>>> print(open('input_30.cif').read())   # mmCIF, C-alpha atoms
data_target
loop_
_atom_site.label_atom_id
_atom_site.label_comp_id
_atom_site.auth_asym_id
_atom_site.auth_seq_id
_atom_site.Cartn_x
_atom_site.Cartn_y
_atom_site.Cartn_z
CA MET A 1238 292.01 -48.38 -196.57
CA HIS A 1239 288.49 -47.24 -197.41
CA GLY A 1240 287.99 -43.77 -198.82
CA GLU A 1241 285.67 -41.08 -197.56
CA ALA A 1242 283.44 -41.24 -200.66
CA GLN A 1243 283.22 -45.01 -200.43
CA PHE A 1244 282.25 -44.84 -196.78
CA GLU A 1245 279.69 -42.15 -197.50
CA GLU A 1246 278.13 -44.55 -200.00
CA VAL A 1247 277.99 -47.27 -197.34
CA ILE A 1248 276.27 -44.86 -194.94
CA ARG A 1249 273.71 -43.83 -197.56
CA GLU A 1250 272.94 -47.44 -198.30
CA HIS A 1251 272.31 -48.43 -194.69
CA GLN A 1252 271.28 -45.25 -192.88
CA ALA A 1253 267.52 -45.84 -193.17
CA PHE A 1254 267.81 -49.25 -191.52
CA VAL A 1255 270.03 -47.88 -188.76
CA PHE A 1256 267.70 -44.96 -187.99
CA ARG A 1257 264.57 -47.14 -188.06
CA THR A 1258 266.04 -49.79 -185.82
CA LEU A 1259 267.39 -47.26 -183.35
CA VAL A 1260 264.04 -45.50 -183.17
CA ARG A 1261 262.17 -48.70 -182.49
CA LEU A 1262 264.65 -50.26 -180.12
CA THR A 1263 265.23 -47.16 -178.02
CA GLY A 1264 261.60 -46.03 -178.13
CA SER A 1265 262.35 -42.44 -179.05
CA ARG A 1266 263.65 -40.19 -181.79
CA GLU A 1267 265.56 -38.16 -179.29
CA HIS A 1268 269.31 -38.35 -179.92
CA VAL A 1269 268.73 -40.85 -182.73
CA GLU A 1270 271.01 -38.95 -185.07
CA ASP A 1271 273.81 -38.98 -182.51
CA LEU A 1272 273.29 -42.68 -181.99
CA ALA A 1273 273.33 -43.36 -185.72
CA GLN A 1274 276.52 -41.36 -186.00
CA GLU A 1275 278.05 -43.50 -183.25
CA VAL A 1276 277.01 -46.64 -185.15
CA PHE A 1277 278.76 -45.52 -188.33
CA LEU A 1278 281.87 -44.32 -186.53
CA ARG A 1279 282.18 -47.73 -184.89
CA LEU A 1280 281.62 -49.33 -188.26
CA TYR A 1281 284.35 -47.21 -189.82
CA ARG A 1282 286.82 -48.26 -187.17
CA GLY A 1283 286.10 -51.93 -187.82
CA MET A 1284 285.67 -51.79 -191.58
CA ASP A 1285 289.18 -52.75 -192.54
CA SER A 1286 288.67 -56.26 -191.28
CA PHE A 1287 285.65 -56.88 -193.55
CA ARG A 1288 285.80 -58.02 -197.12
CA GLY A 1289 282.41 -59.42 -198.06
CA ASP A 1290 279.27 -57.32 -198.02
CA ALA A 1291 277.37 -59.99 -196.08
CA LYS A 1292 279.79 -59.75 -193.21
CA LEU A 1293 279.64 -55.97 -193.26
CA THR A 1294 275.86 -55.91 -192.89
CA THR A 1295 275.99 -58.49 -190.11
CA TYR A 1296 278.56 -56.35 -188.33
CA LEU A 1297 276.43 -53.25 -188.85
CA TYR A 1298 273.39 -55.00 -187.39
CA ARG A 1299 275.43 -55.99 -184.35
CA ILE A 1300 276.77 -52.48 -183.82
CA THR A 1301 273.29 -50.99 -184.16
CA LEU A 1302 271.86 -53.40 -181.61
CA ASN A 1303 274.73 -52.70 -179.21
CA VAL A 1304 274.36 -48.94 -179.50
CA ALA A 1305 270.59 -49.24 -178.98
CA GLN A 1306 271.17 -51.46 -175.97
CA ASP A 1307 273.60 -48.97 -174.41
CA GLU A 1308 271.12 -46.16 -174.95
CA TRP A 1309 268.30 -48.22 -173.52
CA LYS A 1310 270.27 -48.92 -170.37
CA ARG A 1311 271.26 -45.27 -170.05
CA ARG A 1312 267.62 -44.20 -170.33
CA ARG A 1313 266.46 -46.75 -167.83
CA LYS A 1314 268.96 -45.37 -165.34
CA GLU A 1315 267.88 -41.81 -166.07
CA GLN A 1316 264.23 -42.73 -165.77
CA ALA A 1317 264.87 -44.30 -162.38
CA HIS A 1318 266.30 -40.98 -161.22
CA THR A 1319 263.59 -38.78 -162.71
CA SER A 1320 260.42 -40.54 -161.70
CA PHE A 1321 258.37 -37.36 -162.10
CA ASP A 1322 258.90 -37.41 -165.84
CA ASP A 1323 256.15 -38.80 -167.97
CA PRO A 1324 257.41 -42.24 -168.98
CA ASP A 1325 255.31 -42.10 -172.12
CA GLU A 1326 256.83 -38.87 -173.30
CA GLY A 1327 258.37 -39.26 -176.71
CA TRP A 1328 256.32 -42.23 -177.80
CA GLY A 1329 253.59 -40.17 -179.41
CA GLU A 1330 255.96 -38.46 -181.82
CA ARG A 1331 256.74 -41.80 -183.41
CA LEU A 1332 253.22 -42.46 -184.55
CA PRO A 1333 252.49 -42.63 -188.24
CA HIS A 1334 250.48 -39.86 -189.80
CA ALA A 1335 247.04 -41.39 -189.85
CA ASP A 1336 244.36 -40.13 -192.12
CA GLY A 1337 240.80 -39.97 -190.96
CA ASP A 1338 238.70 -38.36 -188.32
CA ALA A 1339 239.82 -37.36 -184.85
CA GLU A 1340 238.49 -40.51 -183.24
CA GLN A 1341 240.32 -42.67 -185.74
CA ILE A 1342 243.56 -40.78 -185.25
CA LEU A 1343 243.22 -41.00 -181.48
CA SER A 1344 242.54 -44.70 -181.70
CA ALA A 1345 245.54 -45.21 -183.97
CA LYS A 1346 247.71 -43.23 -181.60
CA GLU A 1347 246.54 -45.21 -178.62
CA ALA A 1348 247.04 -48.50 -180.39
CA MET A 1349 250.54 -47.68 -181.57
CA ALA A 1350 251.54 -46.09 -178.28
CA GLY A 1351 250.32 -49.21 -176.51
CA LEU A 1352 252.35 -51.40 -178.81
CA GLU A 1353 255.48 -49.31 -178.37
CA ARG A 1354 255.09 -49.37 -174.59
CA ALA A 1355 254.59 -53.10 -174.70
CA LEU A 1356 257.74 -53.44 -176.82
CA GLY A 1357 259.60 -51.54 -174.14
CA ASP A 1358 258.53 -54.09 -171.55
CA LEU A 1359 260.09 -57.02 -173.41
CA SER A 1360 263.53 -58.35 -172.69
CA GLU A 1361 266.36 -56.97 -174.78
CA ALA A 1362 266.70 -60.17 -176.81
CA GLU A 1363 262.99 -60.47 -177.45
CA ARG A 1364 262.75 -56.87 -178.61
CA GLN A 1365 265.77 -57.26 -180.88
CA VAL A 1366 264.46 -60.46 -182.45
CA ILE A 1367 260.98 -59.03 -182.99
CA VAL A 1368 262.28 -55.84 -184.60
CA MET A 1369 264.69 -57.68 -186.85
CA PHE A 1370 262.14 -60.28 -187.89
CA HIS A 1371 259.13 -58.04 -188.44
CA GLN A 1372 260.50 -54.62 -189.26
CA GLU A 1373 263.69 -55.57 -191.08
CA GLU A 1374 262.36 -58.84 -192.45
CA LEU A 1375 265.48 -60.81 -191.60
CA THR A 1376 265.37 -64.60 -191.68
CA TYR A 1377 265.76 -66.73 -188.56
CA GLU A 1378 269.19 -67.75 -189.81
CA LYS A 1379 270.36 -64.18 -190.28
CA ILE A 1380 269.05 -63.13 -186.85
CA ALA A 1381 270.78 -66.11 -185.28
CA ASP A 1382 274.00 -65.06 -187.01
CA VAL A 1383 273.72 -61.42 -185.95
CA LEU A 1384 272.87 -62.19 -182.34
CA SER A 1385 275.14 -65.23 -182.15
CA LEU A 1386 272.25 -67.31 -180.86
CA PRO A 1387 271.06 -70.81 -181.77
CA LEU A 1388 268.23 -70.89 -184.28
CA ASN A 1389 265.77 -72.38 -181.79
CA THR A 1390 266.54 -69.66 -179.27
CA VAL A 1391 265.67 -67.05 -181.90
CA ARG A 1392 262.36 -68.82 -182.54
CA THR A 1393 261.68 -69.00 -178.81
CA HIS A 1394 262.41 -65.29 -178.30
CA LEU A 1395 260.10 -64.41 -181.17
CA HIS A 1396 257.30 -66.63 -179.90
CA ARG A 1397 257.61 -65.45 -176.29
CA GLY A 1398 257.97 -61.85 -177.32
CA ARG A 1399 254.81 -61.93 -179.42
CA LYS A 1400 252.91 -63.69 -176.66
CA LYS A 1401 254.01 -61.10 -174.11
CA LEU A 1402 253.10 -58.29 -176.49
CA LYS A 1403 249.59 -59.63 -176.88
CA GLU A 1404 249.20 -59.99 -173.12
CA ARG A 1405 250.52 -56.49 -172.47
CA LEU A 1406 248.25 -55.00 -175.09
CA ARG A 1407 245.22 -56.68 -173.59
CA GLU A 1408 246.20 -55.66 -170.06
CA GLY A 1409 246.75 -52.10 -171.25
CA ARG A 1410 243.32 -51.93 -172.83
CA LYS A 1411 241.64 -53.40 -169.78
CA SER A 1412 243.30 -50.92 -167.43
CA CYS A 1413 242.31 -48.08 -169.78
CA ALA A 1414 238.71 -49.29 -169.81
CA MET A 1415 238.66 -49.56 -166.01
CA ALA A 1416 240.05 -46.04 -165.68
CA ILE A 1417 237.22 -44.74 -167.83
CA MET B 459 234.29 -65.84 -188.60
CA ARG B 460 231.77 -63.56 -186.96
CA ASP B 461 231.68 -62.42 -183.37
CA GLY B 462 228.32 -60.81 -182.86
CA ASP B 463 228.33 -57.94 -185.32
CA MET B 464 232.08 -58.09 -185.67
CA ASN B 465 233.56 -59.45 -188.85
CA CYS B 466 236.99 -60.94 -188.14
CA GLU B 467 237.93 -61.13 -191.81
CA GLY B 468 237.13 -57.46 -192.22
CA ILE B 469 239.24 -56.48 -189.23
CA GLN B 470 242.14 -58.64 -190.37
CA LEU B 471 241.97 -57.21 -193.87
CA ALA B 472 241.93 -53.69 -192.46
CA ALA B 473 244.96 -54.50 -190.30
CA ARG B 474 246.85 -55.86 -193.32
CA GLN B 475 245.98 -52.73 -195.26
CA GLY B 476 247.41 -50.61 -192.47
CA ARG B 477 244.19 -49.16 -191.10
CA GLU B 478 244.21 -48.76 -187.35
CA PRO B 479 241.34 -50.34 -185.38
CA THR B 480 238.46 -48.20 -184.22
CA ALA B 481 237.65 -48.24 -180.52
CA TYR B 482 234.94 -50.81 -181.22
CA GLU B 483 237.29 -53.04 -183.20
CA ALA B 484 240.03 -52.61 -180.58
CA ALA B 485 237.67 -54.01 -177.95
CA HIS B 486 237.14 -57.02 -180.18
CA LEU B 487 240.91 -57.57 -180.40
CA ASP B 488 240.93 -58.28 -176.67
CA GLU B 489 238.72 -61.26 -177.21
CA CYS B 490 239.82 -62.65 -180.55
CA ASP B 491 243.26 -64.27 -180.69
CA ALA B 492 243.35 -64.58 -184.48
CA CYS B 493 242.55 -60.91 -184.98
CA ILE B 494 245.07 -59.59 -182.47
CA ASP B 495 247.69 -61.86 -184.02
CA VAL B 496 247.11 -60.35 -187.46
CA TRP B 497 246.93 -56.83 -186.07
CA LEU B 498 250.16 -57.34 -184.11
CA SER B 499 252.02 -58.62 -187.17
CA ALA B 500 250.77 -55.73 -189.28
CA ALA B 501 251.74 -53.17 -186.62
CA LEU B 502 255.19 -54.66 -186.12
CA ASP B 503 255.82 -54.95 -189.86
CA LYS B 504 255.17 -51.26 -190.25
CA LYS B 505 258.45 -49.42 -190.49
CA PRO B 506 258.62 -46.28 -188.39
CA GLU B 507 259.00 -43.13 -190.44
CA VAL B 508 262.34 -41.50 -189.95
CA THR B 509 263.74 -38.21 -191.14
CA ILE B 510 267.37 -38.26 -192.15
CA ARG B 511 269.12 -35.05 -192.95
CA GLU B 512 270.40 -34.86 -196.50
CA ASP B 513 273.98 -34.21 -195.40
CA PHE B 514 274.05 -36.90 -192.70
CA ALA B 515 276.11 -39.39 -194.70
CA ALA B 516 278.60 -36.79 -195.93
CA ARG B 517 279.01 -35.30 -192.47
CA VAL B 518 279.61 -38.64 -190.76
CA ALA B 519 281.98 -39.83 -193.49
CA LEU B 520 283.98 -36.64 -193.11
CA LEU B 521 283.99 -36.98 -189.35
CA ALA B 522 285.10 -40.61 -189.55
CA SER B 523 287.94 -39.93 -191.94
CA ALA B 524 289.02 -36.85 -189.97
CA ARG B 525 289.23 -38.79 -186.74
CA PRO B 526 292.69 -40.04 -186.04
CA GLU B 527 292.88 -43.78 -186.24
CA LYS B 528 293.36 -45.45 -182.94
CA PRO B 529 297.04 -46.26 -182.63
CA ALA B 530 297.58 -49.93 -183.11
CA LYS B 531 298.43 -51.72 -179.93
CA ALA B 532 302.12 -52.24 -179.71
CA LYS B 533 302.65 -55.93 -180.10
CA THR B 534 304.80 -57.02 -177.25
CA SER B 535 307.05 -59.89 -177.94
CA ARG B 536 305.84 -62.72 -175.80
CA HIS B 537 307.41 -65.58 -177.67
CA TRP B 538 308.84 -66.76 -174.40
CA GLY B 539 305.39 -68.01 -173.39
CA VAL B 540 305.06 -70.25 -176.41
CA MET B 541 308.67 -71.31 -176.18
CA SER B 542 308.33 -72.34 -172.56
CA ALA B 543 305.09 -74.20 -173.30
CA VAL B 544 306.77 -76.09 -176.14
CA ALA B 545 309.76 -76.85 -173.93
CA VAL B 546 307.54 -78.17 -171.12
CA VAL B 547 305.57 -80.33 -173.50
CA THR B 548 308.77 -81.75 -174.99
CA VAL B 549 310.21 -82.54 -171.57
CA MET B 550 306.96 -84.14 -170.45
CA LEU B 551 306.78 -86.25 -173.57
CA VAL B 552 310.36 -87.41 -173.10
CA VAL B 553 309.72 -88.23 -169.45
CA CYS B 554 306.52 -89.97 -170.36
CA PHE B 555 307.79 -92.23 -173.07
CA GLU B 556 311.55 -92.43 -172.77
CA GLY B 557 312.35 -91.88 -169.09
CA PRO B 558 313.19 -94.73 -166.71
CA ALA B 559 310.30 -96.30 -164.89
CA PRO B 560 310.16 -95.46 -161.16
CA ALA B 561 311.68 -98.11 -158.97
CA ASN B 562 308.43 -98.97 -157.23
CA SER B 563 306.34 -99.12 -160.38
CA THR B 564 304.86 -102.33 -161.61
CA ALA B 565 305.42 -103.30 -165.21
CA ASN B 566 301.79 -103.04 -166.21
CA SER B 567 300.93 -99.84 -164.27
CA TRP B 568 299.17 -97.51 -166.66
CA ILE B 569 298.21 -94.79 -164.18
CA GLY B 570 301.49 -92.90 -164.37
CA PRO B 571 301.70 -92.69 -168.17
CA VAL B 572 298.04 -91.80 -168.46
CA PHE B 573 298.40 -89.04 -165.87
CA LEU B 574 301.47 -87.73 -167.64
CA PHE B 575 299.72 -87.95 -170.96
CA LEU B 576 296.77 -85.96 -169.62
CA VAL B 577 299.02 -83.25 -168.18
CA THR B 578 300.94 -83.11 -171.45
CA ALA B 579 297.76 -82.90 -173.47
CA GLU B 580 296.47 -80.08 -171.29
CA ILE B 581 299.67 -78.09 -171.61
CA ALA B 582 299.71 -78.71 -175.35
CA GLY B 583 296.10 -77.57 -175.54
CA LEU B 584 296.90 -74.40 -173.62
CA ALA B 585 299.84 -73.74 -175.88
CA LEU B 586 297.68 -74.19 -178.97
CA TRP B 587 294.93 -72.00 -177.51
CA LEU B 588 297.03 -69.21 -176.06
CA GLY B 589 299.96 -69.47 -178.43
CA PRO B 590 298.41 -67.51 -181.31
CA LYS B 591 297.19 -64.84 -178.88
CA TRP B 592 300.63 -64.47 -177.41
CA MET B 593 302.13 -64.33 -180.85
CA GLY B 594 299.72 -61.50 -181.63
CA ARG B 595 297.85 -63.30 -184.43
#
>>> encode(input="input_30.cif", output="structure tokens")
Amino acid sequence: MHGEAQFEEVIREHQAFVFRTLVRLTGSREHVEDLAQEVFLRLYRGMDSFRGDAKLTTYLYRITLNVAQDEWKRRRKEQAHTSFDDPDEGWGERLPHADGDAEQILSAKEAMAGLERALGDLSEAERQVIVMFHQEELTYEKIADVLSLPLNTVRTHLHRGRKKLKERLREGRKSCAMAI
Amino acid sequence: MRDGDMNCEGIQLAARQGREPTAYEAAHLDECDACIDVWLSAALDKKPEVTIREDFAARVALLASARPEKPAKAKTSRHWGVMSAVAVVTVMLVVCFEGPAPANSTANSWIGPVFLFLVTAEIAGLALWLGPKWMGR
């Protein structure tokens, strides 16, 4: 049986990854701490069956993706019921602190907000693959292992996801320009 | 590469260094595939900043260890399933290879044995597949 101190160490080691991934996959910082807590509680319940560290991290990745997916679905349902809410609310808070003048900051905000919105339009698998590949720098092999997908499917999701992102970003800019 | 007054290398370098595009550069990204590709990679590679409370790990570890473990599922004894599967396979094998040939069968008819063999193999396969589950392993 794992001890409390040992588990605390595991949490400290992986909490940054879990928070980052949840933020990016769910598109908001709202409830992210609760979600991260859920991830680690699920991990704790399943920890006895893991011996090697590699398997533990793979399991943690899977749990994180599942929790993010559940949250995503819950939000989608909520959003469908509250159509008067601003769908972009919450995205702005995730922007990095940019240095520079107001125009530069605004441009950075717009660019990042556009990217985050575009990420939200991707399929679940595409979003997961893109976040794991780019943000967490996982290899194709590791992503395939975590998502239980063939290697070529991972490559396809990444390629399609990036293509869609580029298209969405361009469409977003064009519609902004037309509105102005 | 240059696009009018726009310097692609400059934009790509800025993207790699983490500088966001100006409105003018952003307009160029719509037209230039190489630049948007680099910008996209740089933006996606950027890890979102997160704030984690200092006591998060301790609090969750305490909560996890304080939670009562889920009671282990009582393992019901279902050995009868495996036993019956083994018995059926044995009987089928005996019938297949040792039993008397039907009166109307021809000496070189292979359809009966093959059919029996297939049924036996399927039951054996099911026993192998479901057996460990039934045994609770």
>>> resolve_selection(input="input_30.cif", expression="the PyMOL selection byres ((chain A and resi 1258-1273) around 10)", output="short mmCIF file (atom, residue, chain, number, x, y, z; two decimals) with C-alpha atoms, keeping the file's coordinate frame")
data_model
loop_
_atom_site.label_atom_id
_atom_site.label_comp_id
_atom_site.auth_asym_id
_atom_site.auth_seq_id
_atom_site.Cartn_x
_atom_site.Cartn_y
_atom_site.Cartn_z
CA ILE A 1248 276.27 -44.86 -194.94
CA GLN A 1252 271.28 -45.25 -192.88
CA ALA A 1253 267.52 -45.84 -193.17
CA PHE A 1254 267.81 -49.25 -191.52
CA VAL A 1255 270.03 -47.88 -188.76
CA PHE A 1256 267.70 -44.96 -187.99
CA ARG A 1257 264.57 -47.14 -188.06
CA GLN A 1274 276.52 -41.36 -186.00
CA GLU A 1275 278.05 -43.50 -183.25
CA VAL A 1276 277.01 -46.64 -185.15
CA PHE A 1277 278.76 -45.52 -188.33
CA LEU A 1278 281.87 -44.32 -186.53
CA ARG A 1279 282.18 -47.73 -184.89
CA TYR A 1298 273.39 -55.00 -187.39
CA ILE A 1300 276.77 -52.48 -183.82
CA THR A 1301 273.29 -50.99 -184.16
CA LEU A 1302 271.86 -53.40 -181.61
CA VAL A 1304 274.36 -48.94 -179.50
CA ALA A 1305 270.59 -49.24 -178.98
CA GLN A 1306 271.17 -51.46 -175.97
CA ASP A 1307 273.60 -48.97 -174.41
CA GLU A 1308 271.12 -46.16 -174.95
CA TRP A 1309 268.30 -48.22 -173.52
CA LYS A 1310 270.27 -48.92 -170.37
CA ARG A 1312 267.62 -44.20 -170.33
CA ASP A 1325 255.31 -42.10 -172.12
CA GLU A 1326 256.83 -38.87 -173.30
CA GLY A 1327 258.37 -39.26 -176.71
CA TRP A 1328 256.32 -42.23 -177.80
CA GLY A 1329 253.59 -40.17 -179.41
CA GLU A 1330 255.96 -38.46 -181.82
CA ARG A 1331 256.74 -41.80 -183.41
CA GLU A 1353 255.48 -49.31 -178.37
CA ARG A 1354 255.09 -49.37 -174.59
CA LEU A 1356 257.74 -53.44 -176.82
CA GLY A 1357 259.60 -51.54 -174.14
CA GLU A 1361 266.36 -56.97 -174.78
CA ARG A 1364 262.75 -56.87 -178.61
CA GLN A 1365 265.77 -57.26 -180.88
CA ILE A 1367 260.98 -59.03 -182.99
CA VAL A 1368 262.28 -55.84 -184.60
CA MET A 1369 264.69 -57.68 -186.85
CA GLN A 1372 260.50 -54.62 -189.26
CA GLU A 1373 263.69 -55.57 -191.08
CA LEU B 502 255.19 -54.66 -186.12
CA LYS B 505 258.45 -49.42 -190.49
CA PRO B 506 258.62 -46.28 -188.39
CA GLU B 507 259.00 -43.13 -190.44
CA VAL B 508 262.34 -41.50 -189.95
CA THR B 509 263.74 -38.21 -191.14
CA ILE B 510 267.37 -38.26 -192.15
CA ARG B 511 269.12 -35.05 -192.95
CA PHE B 514 274.05 -36.90 -192.70
CA VAL B 518 279.61 -38.64 -190.76
#
>>> resolve_selection(input="input_30.cif", expression="the PyMOL selection byres ((chain B) within 12 of (chain A))", output="number ranges by chain")
B: 473, 476-530
>>> residues_around(input="input_30.cif", residues="Ser1385 (chain A)", least_positions_apart="2", cutoff="12 Å", atoms="all atoms listed in the file", output="PyMOL selection string")
chain A and resi 1295-1296+1298-1299+1362+1366+1377-1383+1387-1391
>>> atom_distance(input="input_30.cif", atom1="CA of Glu556 (chain B)", atom2="CA of Leu586 (chain B)")
23.7 Å
>>> atom_distance(input="input_30.cif", atom1="CA of Glu1363 (chain A)", atom2="CA of Leu1384 (chain A)")
11.2 Å
>>> atom_distance(input="input_30.cif", atom1="CA of Ile469 (chain B)", atom2="CA of Ala1350 (chain A)")
19.5 Å
>>> closest_residue(input="input_30.cif", among="B:Pro590, B:Asn465, B:Thr578, B:Leu584", to="Val546 (chain B)", atoms="only C-alpha atoms")
B:Thr578
>>> axis_aligned_box(input="input_30.cif", around="region 468-480 of chain B", padding_each_side="5 Å", output="JSON")
{"center_x": 242.3, "center_y": -53.4, "center_z": -189.7, "size_x": 20.3, "size_y": 20.4, "size_z": 21.0}
